[in-house]
Amino acid sequence: MASRTRAAYELIRARAPFVGTDGRMDADIAAVLDLIRSGAFEELLTQWGRVA
C-alpha cells in the first residue's frame, strides 16, 4: 500500500475497525462521515500539497 493511501487507511481504521463478518455498519459509517466533516482528509491532502 502506498504511504499516502496507508495514512488515509489508518485514519479510517482508527475510527472504524475492520469488519470481518456481516453485521450493522451504521456506527462505522457515521464515524467515517464524522472524519469527512471534521476536515481530517483535507488536512492530509494539505500535507501532501494537494489543497491550497
# chains A, B, ... in the order shown; residues from 1 in each chain; ligands from 1
>>> select_by_dssp(residues="chain A", states="alpha helix (DSSP H)", output="PyMOL selection string")
chain A and resi 3-15+26-38+40-47
>>> atom_distance(atom1="CA of Leu45 in chain A", atom2="CA of Arg4 in chain A")
9.1 Å
>>> atom_distance(atom1="CA of Ser38 in chain A", atom2="CA of Tyr9 in chain A")
16.1 Å
>>> residues_around(residues="Ala31 in chain A", least_positions_apart="3", cutoff="10 Å", atoms="only C-alpha atoms", output="PyMOL selection string")
chain A and resi 12-16+25-28+34-37
>>> write_last_selection(atoms="C-alpha atoms", output="compact mmCIF listing (two decimals), in the first residue's frame")
# COMPACT_ATOMS: atom_id res chain seq x y z
CA ILE A 12 -10.25 5.48 8.91
CA ARG A 13 -9.31 2.34 10.84
CA ALA A 14 -8.65 4.38 13.97
CA ARG A 15 -12.38 5.19 13.98
CA ALA A 16 -13.86 2.21 12.14
CA MET A 25 -22.21 -0.86 9.98
CA ASP A 26 -24.15 2.28 10.81
CA ALA A 27 -21.76 3.25 13.62
CA ASP A 28 -18.73 2.75 11.35
CA ASP A 34 -17.55 12.48 11.06
CA LEU A 35 -13.97 12.24 9.75
CA ILE A 36 -15.03 13.72 6.43
CA ARG A 37 -16.98 16.52 8.10
>>> decode(residues="range 27-52 of chain A", atoms="N, CA and C atoms", output="mmCIF file, in the first residue's frame")
data_model
loop_
_atom_site.group_PDB
_atom_site.id
_atom_site.type_symbol
_atom_site.label_atom_id
_atom_site.label_comp_id
_atom_site.auth_asym_id
_atom_site.auth_seq_id
_atom_site.Cartn_x
_atom_site.Cartn_y
_atom_site.Cartn_z
ATOM 1 N N ALA A 27 -22.686 2.520 12.756
ATOM 2 C CA ALA A 27 -21.758 3.252 13.624
ATOM 3 C C ALA A 27 -20.443 3.531 12.895
ATOM 4 N N ASP A 28 -19.972 2.565 12.109
ATOM 5 C CA ASP A 28 -18.735 2.748 11.347
ATOM 6 C C ASP A 28 -18.916 3.810 10.262
ATOM 7 N N ILE A 29 -20.037 3.768 9.587
ATOM 8 C CA ILE A 29 -20.322 4.759 8.546
ATOM 9 C C ILE A 29 -20.405 6.149 9.165
ATOM 10 N N ALA A 30 -21.060 6.263 10.308
ATOM 11 C CA ALA A 30 -21.169 7.555 10.991
ATOM 12 C C ALA A 30 -19.785 8.066 11.411
ATOM 13 N N ALA A 31 -18.925 7.160 11.861
ATOM 14 C CA ALA A 31 -17.576 7.550 12.276
ATOM 15 C C ALA A 31 -16.770 8.100 11.098
ATOM 16 N N VAL A 32 -16.878 7.449 9.945
ATOM 17 C CA VAL A 32 -16.158 7.922 8.758
ATOM 18 C C VAL A 32 -16.769 9.230 8.263
ATOM 19 N N LEU A 33 -18.073 9.346 8.329
ATOM 20 C CA LEU A 33 -18.723 10.599 7.956
ATOM 21 C C LEU A 33 -18.236 11.745 8.853
ATOM 22 N N ASP A 34 -18.088 11.471 10.141
ATOM 23 C CA ASP A 34 -17.549 12.479 11.056
ATOM 24 C C ASP A 34 -16.137 12.891 10.648
ATOM 25 N N LEU A 35 -15.321 11.919 10.219
ATOM 26 C CA LEU A 35 -13.969 12.239 9.748
ATOM 27 C C LEU A 35 -14.018 13.179 8.550
ATOM 28 N N ILE A 36 -14.901 12.888 7.628
ATOM 29 C CA ILE A 36 -15.032 13.724 6.430
ATOM 30 C C ILE A 36 -15.458 15.132 6.837
ATOM 31 N N ARG A 37 -16.466 15.212 7.678
ATOM 32 C CA ARG A 37 -16.981 16.519 8.099
ATOM 33 C C ARG A 37 -15.964 17.304 8.932
ATOM 34 N N SER A 38 -15.099 16.608 9.645
ATOM 35 C CA SER A 38 -14.120 17.267 10.508
ATOM 36 C C SER A 38 -12.994 17.924 9.723
ATOM 37 N N GLY A 39 -12.853 17.544 8.452
ATOM 38 C CA GLY A 39 -11.766 18.093 7.651
ATOM 39 C C GLY A 39 -10.480 17.290 7.751
ATOM 40 N N ALA A 40 -10.533 16.130 8.370
ATOM 41 C CA ALA A 40 -9.329 15.315 8.562
ATOM 42 C C ALA A 40 -8.688 14.911 7.242
ATOM 43 N N PHE A 41 -9.496 14.597 6.241
ATOM 44 C CA PHE A 41 -8.929 14.204 4.951
ATOM 45 C C PHE A 41 -8.353 15.415 4.226
ATOM 46 N N GLU A 42 -9.002 16.562 4.399
ATOM 47 C CA GLU A 42 -8.465 17.782 3.802
ATOM 48 C C GLU A 42 -7.097 18.103 4.404
ATOM 49 N N GLU A 43 -6.944 17.852 5.701
ATOM 50 C CA GLU A 43 -5.644 18.064 6.345
ATOM 51 C C GLU A 43 -4.580 17.167 5.726
ATOM 52 N N LEU A 44 -4.926 15.921 5.467
ATOM 53 C CA LEU A 44 -3.978 15.013 4.809
ATOM 54 C C LEU A 44 -3.595 15.540 3.432
ATOM 55 N N LEU A 45 -4.588 15.956 2.675
ATOM 56 C CA LEU A 45 -4.326 16.471 1.333
ATOM 57 C C LEU A 45 -3.462 17.729 1.378
ATOM 58 N N THR A 46 -3.695 18.565 2.359
ATOM 59 C CA THR A 46 -2.891 19.778 2.513
ATOM 60 C C THR A 46 -1.438 19.410 2.810
ATOM 61 N N GLN A 47 -1.243 18.418 3.658
ATOM 62 C CA GLN A 47 0.108 17.950 3.970
ATOM 63 C C GLN A 47 0.813 17.458 2.709
ATOM 64 N N TRP A 48 0.052 16.897 1.812
ATOM 65 C CA TRP A 48 0.630 16.355 0.584
ATOM 66 C C TRP A 48 0.708 17.399 -0.530
ATOM 67 N N GLY A 49 0.275 18.629 -0.230
ATOM 68 C CA GLY A 49 0.341 19.693 -1.218
ATOM 69 C C GLY A 49 -0.758 19.611 -2.263
ATOM 70 N N ARG A 50 -1.876 18.996 -1.932
ATOM 71 C CA ARG A 50 -2.967 18.813 -2.897
ATOM 72 C C ARG A 50 -4.071 19.828 -2.756
ATOM 73 N N VAL A 51 -4.127 20.548 -1.621
ATOM 74 C CA VAL A 51 -5.190 21.528 -1.389
ATOM 75 C C VAL A 51 -4.509 22.838 -1.030
ATOM 76 N N ALA A 52 -4.954 23.911 -1.653
ATOM 77 C CA ALA A 52 -4.367 25.231 -1.337
ATOM 78 C C ALA A 52 -5.126 25.884 -0.221
#
